[in-house]
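K.L.:
Got query34.txt for you, compact mmCIF, C-alpha atoms:
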# COMPACT_ATOMS: atom_id res chain seq x y z
CA MET K 1 95.45 125.71 68.00
CA GLU K 2 96.97 123.62 65.24
CA GLU K 3 97.99 121.06 67.81
CA LEU K 4 94.43 121.00 69.18
CA LYS K 5 93.03 120.36 65.69
CA LYS K 6 95.28 117.32 65.40
CA ILE K 7 94.60 115.74 68.79
CA ALA K 8 90.99 116.88 69.29
CA PRO K 9 89.27 117.90 66.02
CA LYS K 10 85.75 117.89 67.50
CA LEU K 11 86.81 120.04 70.44
CA SER K 12 88.66 122.52 68.22
CA LYS K 13 85.47 123.18 66.24
CA LEU K 14 83.56 124.37 69.32
CA LYS K 15 83.16 128.08 69.98
CA LYS K 16 85.10 129.16 73.07
CA GLU K 17 82.21 130.87 74.79
CA GLN K 18 81.91 131.54 78.48
CA PRO K 19 78.83 129.50 79.45
CA PHE K 20 78.51 130.96 82.94
CA GLY K 21 76.76 134.12 84.00
CA VAL K 22 76.81 136.26 87.13
CA PRO K 23 74.06 138.12 89.02
CA GLU K 24 73.26 141.56 87.71
CA LYS K 25 75.75 144.30 88.68
CA TYR K 26 77.88 141.72 90.48
CA PHE K 27 81.21 143.24 89.42
CA ASP K 28 79.96 146.77 90.12
CA ASP K 29 79.21 145.90 93.75
CA PHE K 30 82.07 143.52 94.42
CA SER K 31 84.62 146.17 95.33
CA ALA K 32 82.29 147.79 97.89
CA ARG K 33 81.45 144.43 99.49
CA LEU K 34 85.12 143.54 99.65
CA GLN K 35 85.88 146.90 101.27
CA HIS K 36 83.21 146.23 103.90
CA ARG K 37 84.72 142.83 104.68
CA LEU K 38 88.20 144.33 104.87
CA GLU K 39 87.01 146.88 107.42
CA THR K 40 85.61 144.03 109.52
CA GLU K 41 88.90 142.12 109.23
CA LYS K 42 90.87 145.19 110.31
CA GLN K 43 88.81 145.46 113.51
CA VAL K 44 89.68 141.93 114.58
CA PRO K 45 92.82 142.19 116.77
CA PRO K 46 95.73 140.24 115.34
CA GLN K 47 96.82 137.12 117.21
CA ASN K 48 100.37 137.81 118.29
CA GLN K 49 100.73 134.69 120.38
CA SER K 50 103.61 132.56 119.25
CA SER K 51 103.04 128.90 118.53
CA ILE K 52 105.16 127.90 121.58
CA ILE K 53 102.89 129.82 123.95
CA ARG K 54 99.83 128.31 122.30
CA PHE K 55 101.37 124.85 122.71
CA LEU K 56 102.26 125.40 126.38
CA LYS K 57 98.99 127.10 127.29
CA PRO K 58 97.23 123.99 128.71
CA ALA K 59 100.27 122.99 130.80
CA LEU K 60 100.66 126.55 132.07
CA GLY K 61 96.97 126.63 132.97
CA LEU K 62 97.32 123.41 134.97
CA ALA K 63 100.40 124.71 136.80
CA ALA K 64 98.57 127.93 137.60
CA SER K 65 95.63 125.94 139.02
CA PHE K 66 97.93 124.00 141.37
CA ALA K 67 99.62 127.23 142.43
CA LEU K 68 96.21 128.76 143.13
CA VAL K 69 95.11 125.79 145.25
CA PHE K 70 98.40 125.99 147.19
CA MET K 71 97.93 129.72 147.77
CA LEU K 72 94.30 129.39 148.85
CA VAL K 73 94.55 126.28 151.06
CA TYR K 74 98.03 125.31 152.22
CA TRP K 75 99.58 128.74 152.68
CA PRO K 76 96.69 130.25 154.75
CA LEU K 77 96.62 127.11 156.93
CA LYS K 78 100.37 127.33 157.50
CA SER K 79 100.27 131.06 158.24
CA PHE K 80 97.11 131.39 160.32
CA LEU K 81 96.77 127.91 161.89
CA PRO K 82 100.35 126.65 162.38
CA ASN K 83 99.19 124.47 165.35
CA TYR K 84 96.78 122.60 163.13
CA LEU K 85 99.56 121.41 160.85
CA ALA K 86 101.88 120.66 163.84
CA LYS K 87 99.08 118.59 165.42
CA THR K 88 98.69 116.63 162.26
CA ASN K 89 102.42 115.87 162.25
CA THR K 90 102.40 114.77 166.00
CA ILE K 91 99.53 112.44 165.39
CA GLU K 92 101.55 110.83 162.64
CA THR K 93 104.56 110.33 165.04
CA ILE K 94 102.38 108.79 167.76
CA ASN K 95 100.91 106.51 165.23
CA GLU K 96 104.38 105.24 164.32
CA GLU K 97 105.22 104.62 168.01
CA ASP K 98 101.91 102.85 168.55
CA THR K 99 102.63 100.56 165.67
CA TYR K 100 106.02 99.63 167.20
CA LEU K 101 104.53 98.95 170.62
CA ILE K 102 101.81 96.78 169.16
CA PHE K 103 104.52 94.81 167.34
CA VAL K 104 106.49 94.25 170.58
CA GLU K 105 103.37 93.32 172.59
CA LYS K 106 102.40 90.69 170.08
CA MET K 107 105.84 89.01 170.32
CA ASP K 108 106.20 85.88 172.48
CA GLU K 109 108.82 85.81 175.27
CA ASN K 110 111.44 83.67 173.46
CA SER K 111 111.39 85.82 170.34
CA PHE K 112 111.84 88.90 172.50
CA PHE K 113 114.96 87.46 174.27
CA ASN K 114 116.36 86.22 170.98
CA LEU K 115 115.98 89.70 169.61
CA LEU K 116 117.90 91.11 172.58
CA GLN K 117 120.67 88.49 172.26
CA GLU K 118 121.24 88.92 168.55
CA PRO K 119 124.87 89.69 167.64
CA GLY K 120 125.65 93.36 167.79
CA THR K 121 123.32 94.02 170.74
CA GLU K 122 124.48 96.26 173.56
CA GLU K 123 124.84 93.38 176.08
CA GLU K 124 127.37 91.48 173.98
CA THR K 125 129.38 94.59 173.32
CA ILE K 126 129.68 95.33 177.00
CA GLU K 127 130.69 91.70 177.77
CA GLY K 128 133.35 91.78 175.10
CA ASN K 129 134.86 94.90 176.59
CA PHE K 130 135.68 93.44 180.10
CA ASN K 131 139.37 93.78 180.95
CA ASP K 132 141.31 91.60 183.49
CA GLU K 133 141.16 94.10 186.38
CA GLU K 134 137.41 94.48 186.09
CA LEU K 135 137.02 90.71 186.01
CA LEU K 136 139.16 90.25 189.16
CA SER K 137 137.33 92.92 191.10
CA TYR K 138 134.02 91.32 190.14
CA LEU K 139 135.16 87.90 191.32
CA SER K 140 136.62 89.23 194.57
CA LEU K 141 133.29 90.79 195.42
CA ASN K 142 131.10 87.78 194.69
CA VAL K 143 133.35 84.72 195.24
CA SER K 144 135.40 83.82 198.39
CA ASP K 145 139.13 82.88 198.27
CA TYR K 146 138.26 79.29 199.17
CA GLU K 147 135.90 78.97 196.22
CA ILE K 148 138.57 80.33 193.87
CA TYR K 149 141.10 77.86 195.30
CA MET K 150 138.70 74.96 194.85
CA GLN K 151 137.99 75.95 191.24
CA THR K 152 141.68 76.22 190.28
CA GLU K 153 142.50 72.85 192.00
CA ASN K 154 139.82 71.07 189.93
CA MET G 1 105.15 142.20 84.25
CA GLU G 2 102.25 144.26 82.93
CA ALA G 3 102.73 147.98 82.42
CA GLY G 4 102.02 149.89 85.60
CA ASP G 5 102.22 146.82 87.85
CA HIS G 6 105.47 147.93 89.51
CA GLU G 7 103.99 151.34 90.28
CA LEU G 8 100.83 149.70 91.65
CA ILE G 9 102.87 147.42 93.91
CA MET G 10 104.87 150.40 95.25
CA GLU G 11 101.63 152.22 96.05
CA LEU G 12 100.22 149.10 97.72
CA LYS G 13 103.28 148.91 99.96
CA GLN G 14 102.98 152.52 101.11
CA GLU G 15 100.58 153.24 103.96
CA ASN G 16 99.22 156.54 102.56
CA THR G 17 98.44 155.20 99.06
CA ARG G 18 97.48 151.64 99.97
CA ASP G 19 93.67 151.94 100.04
CA LEU G 20 93.40 153.65 96.66
CA ALA G 21 95.93 151.33 95.03
CA PHE G 22 94.11 148.28 96.39
CA HIS G 23 90.85 149.54 94.90
CA ARG G 24 92.62 149.86 91.53
CA LEU G 25 94.07 146.36 91.84
CA VAL G 26 90.64 144.88 92.59
CA LYS G 27 89.05 146.66 89.63
CA GLN G 28 91.88 145.53 87.34
CA TYR G 29 91.85 141.83 88.24
CA GLU G 30 88.45 140.97 89.74
CA GLU G 31 86.85 139.69 86.53
CA ARG G 32 89.79 137.62 85.35
CA LEU G 33 90.24 136.01 88.75
CA TYR G 34 86.51 135.48 89.11
CA TRP G 35 86.30 133.41 85.90
CA HIS G 36 89.42 131.48 86.78
CA ILE G 37 87.96 130.50 90.17
CA ARG G 38 84.47 129.90 88.76
CA LYS G 39 85.80 127.32 86.32
CA ILE G 40 87.40 125.44 89.22
CA VAL G 41 84.51 125.45 91.72
CA MET G 42 81.60 126.00 89.26
CA ASN G 43 79.20 127.59 91.76
CA HIS G 44 78.77 131.41 91.85
CA GLU G 45 78.40 131.73 95.65
CA ASP G 46 81.51 129.64 96.30
CA THR G 47 83.40 131.66 93.71
CA ASP G 48 82.35 134.92 95.36
CA ASP G 49 83.66 133.72 98.76
CA ILE G 50 86.94 132.50 97.30
CA LEU G 51 87.48 135.70 95.33
CA GLN G 52 87.03 137.77 98.49
CA ASN G 53 89.43 135.49 100.39
CA THR G 54 91.93 135.85 97.57
CA PHE G 55 91.93 139.65 97.70
CA ILE G 56 92.09 139.66 101.50
CA LYS G 57 95.16 137.43 101.31
CA VAL G 58 96.67 139.84 98.80
CA TRP G 59 95.97 142.77 101.16
CA LYS G 60 97.57 140.99 104.10
CA ASN G 61 100.63 139.72 102.21
CA ILE G 62 101.46 142.52 99.80
CA ASP G 63 104.47 143.54 101.94
CA ASN G 64 105.93 140.04 101.46
CA PHE G 65 105.57 140.14 97.65
CA ARG G 66 109.14 140.46 96.36
CA GLU G 67 108.29 140.90 92.65
CA GLU G 68 110.21 137.76 91.67
CA SER G 69 107.15 136.87 89.59
CA SER G 70 104.62 139.15 87.92
CA LEU G 71 101.66 140.49 89.87
CA PHE G 72 99.31 138.61 87.54
CA THR G 73 100.91 135.19 88.21
CA TRP G 74 101.08 135.92 91.96
CA LEU G 75 97.35 136.73 92.03
CA TYR G 76 96.46 133.67 89.95
CA ARG G 77 98.56 131.51 92.24
CA ILE G 78 96.74 132.73 95.34
CA ALA G 79 93.34 132.32 93.64
CA THR G 80 94.21 128.77 92.51
CA ASN G 81 95.46 127.76 95.96
CA GLU G 82 92.36 129.20 97.62
CA SER G 83 90.13 127.28 95.19
CA ILE G 84 91.96 123.99 95.77
CA THR G 85 91.86 124.54 99.56
CA PHE G 86 88.11 125.11 99.27
CA LEU G 87 87.58 121.90 97.29
CA ASN G 88 89.73 119.93 99.74
CA SER G 89 87.63 121.18 102.65
CA LYS G 90 84.50 120.09 100.75
CA LYS G 91 86.00 116.63 100.28
CA ARG G 92 86.83 116.35 103.97
CA ARG G 93 83.37 117.45 105.06
CA SER G 94 81.62 115.09 102.61
CA LEU G 95 84.08 112.25 103.42
CA LEU G 96 84.88 111.99 99.71
CA PRO G 97 88.08 110.39 98.40
CA LEU G 98 90.77 113.07 97.99
CA ASN G 99 90.71 112.92 94.18
CA ASP G 100 86.96 112.77 93.74
CA VAL G 101 84.94 115.93 93.91
CA SER G 102 83.45 115.68 90.44
CA ASP G 103 80.01 114.61 91.69
CA TYR G 104 79.78 117.68 93.91
CA LEU G 105 80.84 119.90 90.99
CA MET G 106 78.45 118.18 88.64
CA GLU G 107 75.58 118.89 91.05
CA ASN G 108 76.73 122.50 91.27
CA LEU G 109 76.70 122.77 87.51
CA ALA G 110 73.26 121.17 87.13
CA ALA G 111 71.74 123.44 89.80
CA ASP G 112 73.52 126.61 88.67
CA PRO G 113 70.90 129.31 87.91
CA TYR G 114 73.56 131.37 86.13
CA PHE G 115 74.56 128.77 83.56
CA GLU G 116 73.80 130.38 80.21
CA GLY G 117 75.38 127.89 77.80
CA ASP G 118 73.59 125.62 75.36
CA LYS G 119 73.44 121.82 75.29
CA ILE G 120 76.86 121.50 73.69
CA GLN G 121 78.43 123.81 76.25
CA MET G 122 76.88 121.75 79.03
CA LYS G 123 78.30 118.60 77.46
CA LEU G 124 81.73 120.18 77.27
CA GLN G 125 81.56 121.14 80.95
CA HIS G 126 80.58 117.56 81.80
CA ALA G 127 83.56 116.29 79.84
CA ILE G 128 85.90 118.71 81.65
CA LEU G 129 84.53 117.63 85.04
CA GLN G 130 85.57 114.03 84.28
CA LEU G 131 89.21 115.10 84.33
CA PRO G 132 91.44 114.81 87.38
CA GLU G 133 91.66 118.09 89.33
CA LYS G 134 95.09 119.26 88.21
CA GLN G 135 94.44 118.30 84.57
CA ARG G 136 91.12 120.14 84.71
CA ILE G 137 92.79 123.34 85.95
CA VAL G 138 95.49 123.10 83.28
CA PHE G 139 92.90 122.47 80.55
CA ASN G 140 90.74 125.44 81.59
CA MET G 141 93.73 127.79 81.82
CA LYS G 142 95.00 126.81 78.38
CA TYR G 143 91.79 126.19 76.44
CA PHE G 144 89.61 129.07 77.72
CA ASP G 145 92.07 131.65 79.10
CA GLU G 146 94.95 130.90 76.69
CA ILE G 147 97.54 131.49 79.39
CA LYS G 148 101.14 130.85 78.32
CA TYR G 149 102.75 127.65 79.58
CA GLU G 150 105.58 129.72 81.12
CA ASP G 151 103.11 131.70 83.24
CA MET G 152 101.16 128.55 84.12
CA SER G 153 104.42 126.99 85.23
CA VAL G 154 104.87 129.79 87.80
CA ILE G 155 101.22 129.72 88.89
CA LEU G 156 100.98 125.94 89.33
CA ASN G 157 104.62 125.36 90.29
CA THR G 158 104.93 122.69 87.58
CA SER G 159 107.39 122.32 84.71
CA VAL G 160 106.37 123.46 81.23
CA GLY G 161 106.90 119.92 79.90
CA ALA G 162 104.57 118.42 82.50
CA LEU G 163 101.95 121.09 81.74
CA LYS G 164 102.10 120.39 77.97
CA ALA G 165 101.70 116.67 78.61
CA SER G 166 98.84 117.33 81.01
CA TYR G 167 97.00 119.53 78.49
CA HIS G 168 97.57 116.97 75.72
CA HIS G 169 96.05 114.15 77.80
CA ALA G 170 93.16 116.35 78.94
CA ALA G 171 92.28 117.43 75.39
CA LYS G 172 92.29 113.81 74.21
CA LYS G 173 90.03 112.72 77.08
CA VAL G 174 87.57 115.57 76.38
CA GLU G 175 87.57 114.69 72.68
CA GLU G 176 86.86 111.07 73.52
CA PHE G 177 83.96 112.08 75.78
CA LEU G 178 82.49 114.33 73.07
CA LYS G 179 82.81 111.60 70.43
CA ASN G 180 80.99 109.09 72.60
CA SER G 181 78.15 111.42 73.49
CA ASP G 182 75.18 111.87 71.14
CA TRP G 183 75.34 115.39 69.71
Give the structure from this file in structure tokens form.

P.N.:
Amino acid sequence: MEELKKIAPKLSKLKKEQPFGVPEKYFDDFSARLQHRLETEKQVPPQNQSSIIRFLKPALGLAASFALVFMLVYWPLKSFLPNYLAKTNTIETINEEDTYLIFVEKMDENSFFNLLQEPGTEEETIEGNFNDEELLSYLSLNVSDYEIYMQTEN
Amino acid sequence: MEAGDHELIMELKQENTRDLAFHRLVKQYEERLYWHIRKIVMNHEDTDDILQNTFIKVWKNIDNFREESSLFTWLYRIATNESITFLNSKKRRSLLPLNDVSDYLMENLAADPYFEGDKIQMKLQHAILQLPEKQRIVFNMKYFDEIKYEDMSVILNTSVGALKASYHHAAKKVEEFLKNSDW
């Protein structure tokens, strides 16, 4: 108080009166009103969900939706109409073959032969594997002795 | 700790005596807490809401109260925090700067049908509302309620030195306001 007189003489002279009022019988009724509100609060079930579950809830909901769609559409189709899915797969295979055939048909003749004669093709491999005996037997069948003689003389 | 507080806390923590003990606690502290809150938010209706919230928090958290501080400082701390939370929500809703709620409080004071003070009291309240929020709370607690700095330190989680300095500055500002006003 002494300190207040020094730093704020005008303020220290004022009467410390409570300038505010309350409605009539406010404090008499307060306890009963509080009790009523407490009863209401008690009836509200407590939220036991942990924060992790609350955080994951949207993602879990999305995953559950996908699972539900899978269960209701894909699984019944697979179980009750297996041919339908098989048909779909065959159509896809034919489509791939068609694409290849169209590609070959569109090729000109030279490109086609070049493709066949590219290194590593089956023809070259077979040619490279001829041995001497096979070569002799081939020549003896298709070329006469005279022709062989003439070739070696030249 | 006030006489009988320990016994009251024990009764509040026991299931079979809780309701009666809580009623006693409310009767014992309702007026003191009401005036503390009222001086922060000014308006009676707001004070009534905050006081109810304060006691409901006490009811829900009494098992966690470890008696490291007195029951009185624990209650004041909850009431103060509830009042500040209320004012912050008002600021957010009115898009006010975080340190400026004085206009809202001034309007509350001017429109308050339960204000019973005279012209000088009104002037004093105006002067107090010019103070920053924390300084205002410290000034009210010291000037009107005469709460010890040691208890205020526990309630506001601030050092005694900082509280003394805060009160000193607040008193000087109020004095200045009163000097400059015509009464």

K.L.:
Counting only C-alpha atoms, which residues from chain K have an atom at most 12 Å from any atom of chain G, and could you show them as a PyMOL selection string?

P.N.:
chain K and resi 1+3-24+26-42+46

K.L.:
Quick one: write out the picked residues with C-alpha atoms as a short mmCIF file (atom, residue, chain, number, x, y, z; two decimals), in the coordinates of the input?

P.N.:
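Final output, saved to selection.cif:
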data_model
loop_
_atom_site.label_atom_id
_atom_site.label_comp_id
_atom_site.auth_asym_id
_atom_site.auth_seq_id
_atom_site.Cartn_x
_atom_site.Cartn_y
_atom_site.Cartn_z
CA MET K 1 95.45 125.71 68.00
CA GLU K 3 97.99 121.06 67.81
CA LEU K 4 94.43 121.00 69.18
CA LYS K 5 93.03 120.36 65.69
CA LYS K 6 95.28 117.32 65.40
CA ILE K 7 94.60 115.74 68.79
CA ALA K 8 90.99 116.88 69.29
CA PRO K 9 89.27 117.90 66.02
CA LYS K 10 85.75 117.89 67.50
CA LEU K 11 86.81 120.04 70.44
CA SER K 12 88.66 122.52 68.22
CA LYS K 13 85.47 123.18 66.24
CA LEU K 14 83.56 124.37 69.32
CA LYS K 15 83.16 128.08 69.98
CA LYS K 16 85.10 129.16 73.07
CA GLU K 17 82.21 130.87 74.79
CA GLN K 18 81.91 131.54 78.48
CA PRO K 19 78.83 129.50 79.45
CA PHE K 20 78.51 130.96 82.94
CA GLY K 21 76.76 134.12 84.00
CA VAL K 22 76.81 136.26 87.13
CA PRO K 23 74.06 138.12 89.02
CA GLU K 24 73.26 141.56 87.71
CA TYR K 26 77.88 141.72 90.48
CA PHE K 27 81.21 143.24 89.42
CA ASP K 28 79.96 146.77 90.12
CA ASP K 29 79.21 145.90 93.75
CA PHE K 30 82.07 143.52 94.42
CA SER K 31 84.62 146.17 95.33
CA ALA K 32 82.29 147.79 97.89
CA ARG K 33 81.45 144.43 99.49
CA LEU K 34 85.12 143.54 99.65
CA GLN K 35 85.88 146.90 101.27
CA HIS K 36 83.21 146.23 103.90
CA ARG K 37 84.72 142.83 104.68
CA LEU K 38 88.20 144.33 104.87
CA GLU K 39 87.01 146.88 107.42
CA THR K 40 85.61 144.03 109.52
CA GLU K 41 88.90 142.12 109.23
CA LYS K 42 90.87 145.19 110.31
CA PRO K 46 95.73 140.24 115.34
#

K.L.:
Identify which of the residues G:Ala127, G:Leu20, G:Met10, G:Leu87 lies closest to Val101 (chain G), counting all atoms listed in the file when measuring atom-to-atom distances.

P.N.:
G:Leu87

K.L.:
So, with all atoms listed in the file as the atoms that count, which of G:Ala111, G:Lys134, G:Arg93, G:Thr73 lies closest to Ser153 (chain G)?

P.N.:
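Counting all atoms listed in the file, the residue closest to Ser153 (chain G) is G:Thr73.
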
K.L.:
What is the CA of Arg92 (chain G) to CA of Tyr104 (chain G) distance in Å?

P.N.:
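That distance, rounded to one decimal, is 12.4 Å.
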
K.L.:
Please report the interatomic distance between CA of Asp5 (chain G) and CA of Glu82 (chain G) in Å with one decimal.

P.N.:
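Separation between CA of Asp5 (chain G) and CA of Glu82 (chain G): 22.4 Å.
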
K.L.:
Rounded to one decimal place, report the CA of Ser89 (chain G)-CA of Thr54 (chain G) distance in Å.

P.N.:
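So the two atoms, CA of Ser89 (chain G) and CA of Thr54 (chain G), lie 16.1 Å apart.
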
K.L.:
What's the 9 Å shell around Ile62 (chain G), counting all atoms listed in the file, without same-chain residues fewer than 6 positions away, as a ChimeraX atom specification?

P.N.:
/G:9,12-13

K.L.:
Would you kindly place all heavy atoms on region 171-181 of chain G and return the model as a short mmCIF file (atom, residue, chain, number, x, y, z; two decimals), in the frame of the given file?

P.N.:
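Result file is selection_29.cif:
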data_model
loop_
_atom_site.label_atom_id
_atom_site.label_comp_id
_atom_site.auth_asym_id
_atom_site.auth_seq_id
_atom_site.Cartn_x
_atom_site.Cartn_y
_atom_site.Cartn_z
N ALA G 171 92.98 117.16 76.65
CA ALA G 171 92.28 117.43 75.39
C ALA G 171 91.81 116.13 74.75
O ALA G 171 90.69 116.04 74.22
CB ALA G 171 93.20 118.20 74.44
N LYS G 172 92.66 115.11 74.80
CA LYS G 172 92.29 113.81 74.21
C LYS G 172 91.11 113.18 74.95
O LYS G 172 90.20 112.61 74.34
CB LYS G 172 93.50 112.85 74.24
CG LYS G 172 94.50 113.14 73.15
CD LYS G 172 95.48 112.01 72.99
CE LYS G 172 95.34 111.44 71.59
NZ LYS G 172 96.28 110.37 71.31
N LYS G 173 91.12 113.29 76.27
CA LYS G 173 90.03 112.72 77.08
C LYS G 173 88.72 113.45 76.78
O LYS G 173 87.66 112.83 76.67
CB LYS G 173 90.35 112.84 78.57
CG LYS G 173 91.32 111.79 79.08
CD LYS G 173 91.50 111.97 80.57
CE LYS G 173 92.74 111.27 81.07
NZ LYS G 173 93.04 111.61 82.47
N VAL G 174 88.79 114.77 76.67
CA VAL G 174 87.57 115.57 76.38
C VAL G 174 87.05 115.19 75.00
O VAL G 174 85.83 115.00 74.81
CB VAL G 174 87.88 117.09 76.48
CG1 VAL G 174 86.70 117.92 75.98
CG2 VAL G 174 88.20 117.47 77.93
N GLU G 175 87.95 115.07 74.05
CA GLU G 175 87.57 114.69 72.68
C GLU G 175 86.86 113.33 72.67
O GLU G 175 85.83 113.16 72.03
CB GLU G 175 88.84 114.64 71.81
CG GLU G 175 88.62 114.21 70.37
CD GLU G 175 87.99 115.30 69.51
OE1 GLU G 175 87.78 116.43 70.03
OE2 GLU G 175 87.68 115.03 68.34
N GLU G 176 87.44 112.41 73.43
CA GLU G 176 86.86 111.07 73.52
C GLU G 176 85.44 111.13 74.08
O GLU G 176 84.53 110.48 73.59
CB GLU G 176 87.77 110.21 74.41
CG GLU G 176 87.69 108.72 74.20
CD GLU G 176 88.09 108.30 72.78
OE1 GLU G 176 89.02 108.92 72.19
OE2 GLU G 176 87.45 107.38 72.26
N PHE G 177 85.28 111.94 75.14
CA PHE G 177 83.96 112.08 75.78
C PHE G 177 82.96 112.67 74.79
O PHE G 177 81.80 112.21 74.70
CB PHE G 177 84.09 113.00 77.01
CG PHE G 177 82.83 113.09 77.84
CD1 PHE G 177 82.60 112.22 78.89
CD2 PHE G 177 81.87 114.06 77.56
CE1 PHE G 177 81.44 112.30 79.65
CE2 PHE G 177 80.71 114.15 78.31
CZ PHE G 177 80.49 113.28 79.36
N LEU G 178 83.39 113.68 74.03
CA LEU G 178 82.49 114.33 73.07
C LEU G 178 82.12 113.37 71.93
O LEU G 178 80.99 113.36 71.46
CB LEU G 178 83.16 115.59 72.48
CG LEU G 178 83.40 116.74 73.47
CD1 LEU G 178 84.16 117.88 72.80
CD2 LEU G 178 82.11 117.28 74.07
N LYS G 179 83.08 112.57 71.51
CA LYS G 179 82.81 111.60 70.43
C LYS G 179 81.76 110.56 70.86
O LYS G 179 80.90 110.18 70.08
CB LYS G 179 84.11 110.86 70.08
CG LYS G 179 84.91 111.51 68.98
CD LYS G 179 86.10 110.61 68.66
CE LYS G 179 87.09 111.35 67.78
NZ LYS G 179 88.36 110.61 67.70
N ASN G 180 81.88 110.14 72.11
CA ASN G 180 80.99 109.09 72.60
C ASN G 180 79.61 109.60 73.02
O ASN G 180 78.72 108.80 73.30
CB ASN G 180 81.63 108.36 73.79
CG ASN G 180 82.87 107.60 73.36
OD1 ASN G 180 82.98 107.21 72.19
ND2 ASN G 180 83.80 107.44 74.27
N SER G 181 79.46 110.89 73.11
CA SER G 181 78.15 111.42 73.49
C SER G 181 77.35 111.75 72.23
O SER G 181 77.92 112.05 71.19
CB SER G 181 78.30 112.66 74.36
OG SER G 181 79.03 113.63 73.66
#
